[in-house]
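**Student:** Questions regarding the structure given below will be posed in turn.
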Amino acid sequence: MSGRALSVFGNAVVFAVLAFGAWLWWRNVTSTADPPPAAVAMLSETAGRAGIDPAAGAPRVASRLPPGSLTFAASGLVVPVAGIEAPDLVDTYTQSRGGGSRIHNAIDIMASRGTPVVSASDGLVEKLYFSRGGGGITAYVRSLDGLWLHYYAHLDSYAPGLREGQRIRRGDQIGTVGISGNASPSGPHLHYAIYRMRPGERWWQGAPINPYPLLAGKTASR
Ligand SMILES: [Zn+2]
């Protein structure tokens, strides 16, 4: 073999070794156990469709009533007592209470004890409060924009798992109609109020507005 032929042979060997090494490397890369990113995306999408949201915090209130038992008002609110429709509502907002010393500033929705009370709106459970001589077992739910506070009083009980800070959707169960606080034992009802909240106002503050026209879709009585 001439010197030149030796050199060509040597180059060929070097090339073969390099090519084999490259093939080994490529085999390693392509046989990796991790699925490609597209497959991962598909997997998480499937999880999303199945209702599994790993980013979600605590579970919401489990108790959701069948849609047929709820009345959706044109305002976007749900009548907060199951089975109650607009014609069943009475505008008691301006009635006097406490022996005429104050205005009601809420509406009373009459229903049998134990009837489900549901959230009229989406929101956050801001306060669960017991007032023996007043609202009894009560819940305050703040709208997600912070501007409105919904007040539910005289409850018989809270929905299982309901707690402060919890996010709920309209129609989620808050509790049941009762006679707690200063409600008459012969007239179980939900005392429901809406307060317009200014920035920084807390659950015991706010300016009441009449829920009746928002639930009944009618002009409030004078
Ligand atoms: Zn009332």
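For the structure tokens, the naming scheme is as follows: chains receive sequential letters (A, B, ...) according to their order of presentation, residues are indexed from 1 within each chain, and ligands are indexed from 1 in presentation order.
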Please list as number ranges by chain every residue within 6 Å of range 147-158 of chain A, counting only C-alpha atoms and excluding residues in the same chain fewer than 2 positions away.

**Tutor:** A: 135-143, 145, 174-181, 190-197

**Student:** Which chains and residue numbers are within 6 Å of ligand 1, counting only C-alpha atoms and all ligand atoms, if I want them as a VMD selection string?

**Tutor:** chain A and resid 106 to 108 191

**Student:** Go ahead and save the picked residues with N, CA and C atoms, as a PDB file, in the first residue's frame.

**Tutor:**
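Just written: again.pdb:
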```
ATOM      1  N   ALA A 106     -84.918  43.824  53.087  1.00  0.00           N
ATOM      2  CA  ALA A 106     -84.647  42.454  52.633  1.00  0.00           C
ATOM      3  C   ALA A 106     -85.979  41.884  52.176  1.00  0.00           C
ATOM      4  N   ILE A 107     -85.952  40.711  51.562  1.00  0.00           N
ATOM      5  CA  ILE A 107     -87.234  40.050  51.326  1.00  0.00           C
ATOM      6  C   ILE A 107     -87.235  38.706  52.046  1.00  0.00           C
ATOM      7  N   ASP A 108     -88.421  38.332  52.513  1.00  0.00           N
ATOM      8  CA  ASP A 108     -88.602  37.032  53.147  1.00  0.00           C
ATOM      9  C   ASP A 108     -89.216  36.087  52.121  1.00  0.00           C
ATOM     10  N   HIS A 191     -84.570  34.857  54.866  1.00  0.00           N
ATOM     11  CA  HIS A 191     -84.419  36.316  54.825  1.00  0.00           C
ATOM     12  C   HIS A 191     -83.243  36.570  53.897  1.00  0.00           C
TER      13      HIS A 191
END
```

**Student:** Between CA of Thr94 in chain A and CA of Leu124 in chain A, what is the distance in Å, rounded to a tenth?

**Tutor:** 27.7 Å

**Student:** Return the single residue from A:Leu162, A:Val117, A:Ile109, A:Ile103 that is closest to Ala216 in chain A, with distances computed using only C-alpha atoms.

**Tutor:**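 Checking each of A:Leu162, A:Val117, A:Ile109, A:Ile103 against Ala216 in chain A, counting only C-alpha atoms, the winner is A:Ile109.
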
**Student:** Residues at most 7 Å from Gln173 in chain A, counting only C-alpha atoms, excluding those fewer than 5 positions away in the same chain, as an MDAnalysis selection string?

**Tutor:** chainID A and resid 63:64 116:119 159

**Student:** Report, in Å with one decimal, the straight-line distance from CA of Arg132 in chain A to CA of Asn182 in chain A.

**Tutor:**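 Answer for the CA of Arg132 in chain A to CA of Asn182 in chain A separation: 7.4 Å.
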
**Student:** Extract the full set of strand (DSSP E or B) residues from range 97-160 of chain A according to DSSP on the backbone, and format it as number ranges by chain.

**Tutor:** A: 97, 102-103, 107-110, 116-118, 123-131, 136-142, 148-158

**Student:** Keeping only N, CA and C atoms, take the residues you just selected and write them out as a short mmCIF file (atom, residue, chain, number, x, y, z; two decimals), in the first residue's frame.

**Tutor:**
```cif
data_model
loop_
_atom_site.label_atom_id
_atom_site.label_comp_id
_atom_site.auth_asym_id
_atom_site.auth_seq_id
_atom_site.Cartn_x
_atom_site.Cartn_y
_atom_site.Cartn_z
N ARG A 97 -90.06 46.47 60.56
CA ARG A 97 -89.67 45.37 61.43
C ARG A 97 -89.28 45.93 62.79
N ARG A 102 -87.70 49.95 62.40
CA ARG A 102 -86.78 49.92 61.26
C ARG A 102 -87.46 49.31 60.05
N ILE A 103 -86.81 49.52 58.92
CA ILE A 103 -87.31 48.98 57.65
C ILE A 103 -86.63 47.62 57.42
N ILE A 107 -85.95 40.71 51.56
CA ILE A 107 -87.23 40.05 51.33
C ILE A 107 -87.24 38.71 52.05
N ASP A 108 -88.42 38.33 52.51
CA ASP A 108 -88.60 37.03 53.15
C ASP A 108 -89.22 36.09 52.12
N ILE A 109 -88.56 34.96 51.93
CA ILE A 109 -89.07 33.96 50.98
C ILE A 109 -89.56 32.77 51.79
N MET A 110 -90.88 32.63 51.85
CA MET A 110 -91.48 31.60 52.68
C MET A 110 -91.31 30.22 52.02
N PRO A 116 -83.96 23.44 50.33
CA PRO A 116 -82.61 23.92 50.01
C PRO A 116 -82.56 25.43 49.72
N VAL A 117 -81.58 26.10 50.33
CA VAL A 117 -81.26 27.50 50.03
C VAL A 117 -80.02 27.47 49.14
N VAL A 118 -80.08 28.16 48.00
CA VAL A 118 -78.95 28.14 47.06
C VAL A 118 -78.41 29.55 46.87
N GLY A 123 -69.83 33.64 43.64
CA GLY A 123 -69.18 34.49 44.63
C GLY A 123 -68.26 33.72 45.57
N LEU A 124 -67.85 34.44 46.60
CA LEU A 124 -67.01 33.86 47.64
C LEU A 124 -67.77 33.90 48.96
N VAL A 125 -67.75 32.80 49.69
CA VAL A 125 -68.36 32.78 51.01
C VAL A 125 -67.47 33.64 51.91
N GLU A 126 -67.98 34.80 52.29
CA GLU A 126 -67.14 35.74 53.04
C GLU A 126 -67.26 35.51 54.54
N LYS A 127 -68.47 35.23 55.01
CA LYS A 127 -68.64 35.08 56.46
C LYS A 127 -69.79 34.12 56.76
N LEU A 128 -69.54 33.21 57.67
CA LEU A 128 -70.59 32.35 58.23
C LEU A 128 -70.75 32.79 59.68
N TYR A 129 -71.92 33.31 60.01
CA TYR A 129 -72.06 34.02 61.27
C TYR A 129 -73.33 33.59 61.98
N PHE A 130 -73.24 33.44 63.29
CA PHE A 130 -74.43 33.12 64.07
C PHE A 130 -74.85 34.31 64.91
N SER A 131 -76.09 34.73 64.74
CA SER A 131 -76.64 35.84 65.50
C SER A 131 -77.92 35.35 66.19
N GLY A 136 -79.84 34.55 63.11
CA GLY A 136 -79.61 33.14 63.42
C GLY A 136 -78.40 32.62 62.66
N ILE A 137 -78.59 31.49 62.00
CA ILE A 137 -77.52 30.90 61.19
C ILE A 137 -77.51 31.64 59.85
N THR A 138 -76.42 32.35 59.58
CA THR A 138 -76.41 33.21 58.38
C THR A 138 -75.17 32.97 57.52
N ALA A 139 -75.27 33.36 56.27
CA ALA A 139 -74.14 33.29 55.34
C ALA A 139 -74.08 34.58 54.54
N TYR A 140 -72.88 35.10 54.38
CA TYR A 140 -72.63 36.29 53.57
C TYR A 140 -71.77 35.87 52.38
N VAL A 141 -72.26 36.12 51.17
CA VAL A 141 -71.53 35.73 49.96
C VAL A 141 -71.25 36.99 49.14
N ARG A 142 -69.98 37.23 48.84
CA ARG A 142 -69.56 38.43 48.10
C ARG A 142 -69.43 38.07 46.62
N TRP A 148 -70.97 43.47 45.48
CA TRP A 148 -72.26 43.08 46.03
C TRP A 148 -72.08 42.02 47.10
N LEU A 149 -72.91 42.16 48.14
CA LEU A 149 -72.90 41.16 49.21
C LEU A 149 -74.30 40.58 49.33
N HIS A 150 -74.39 39.27 49.28
CA HIS A 150 -75.68 38.59 49.39
C HIS A 150 -75.77 37.96 50.78
N TYR A 151 -76.90 38.19 51.44
CA TYR A 151 -77.05 37.78 52.83
C TYR A 151 -78.21 36.78 52.94
N TYR A 152 -77.93 35.65 53.56
CA TYR A 152 -78.92 34.58 53.72
C TYR A 152 -79.07 34.31 55.21
N ALA A 153 -80.29 34.44 55.73
CA ALA A 153 -80.46 34.33 57.18
C ALA A 153 -81.62 33.41 57.57
N HIS A 154 -81.64 33.07 58.86
CA HIS A 154 -82.61 32.15 59.49
C HIS A 154 -82.44 30.72 58.97
N LEU A 155 -81.24 30.36 58.55
CA LEU A 155 -81.03 29.01 58.02
C LEU A 155 -81.25 27.97 59.11
N ASP A 156 -81.63 26.78 58.67
CA ASP A 156 -81.74 25.65 59.58
C ASP A 156 -80.37 25.00 59.75
N SER A 157 -79.62 24.95 58.64
CA SER A 157 -78.27 24.38 58.67
C SER A 157 -77.51 24.87 57.44
N TYR A 158 -76.20 24.73 57.51
CA TYR A 158 -75.36 25.00 56.34
C TYR A 158 -75.25 23.74 55.48
#
```

**Student:** Tell me which of A:Gly146, A:Ser184, A:Asn105, A:Ile168 sits closest to Ala207 in chain A, counting only C-alpha atoms.

**Tutor:**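 Using only C-alpha atoms, Ala207 in chain A sits closest to A:Asn105.
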
**Student:** Take CA of Thr71 in chain A and CA of Gly83 in chain A and report the distance between them in Å, one decimal.

**Tutor:**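 Here the two named atoms are 7.5 Å from each other.
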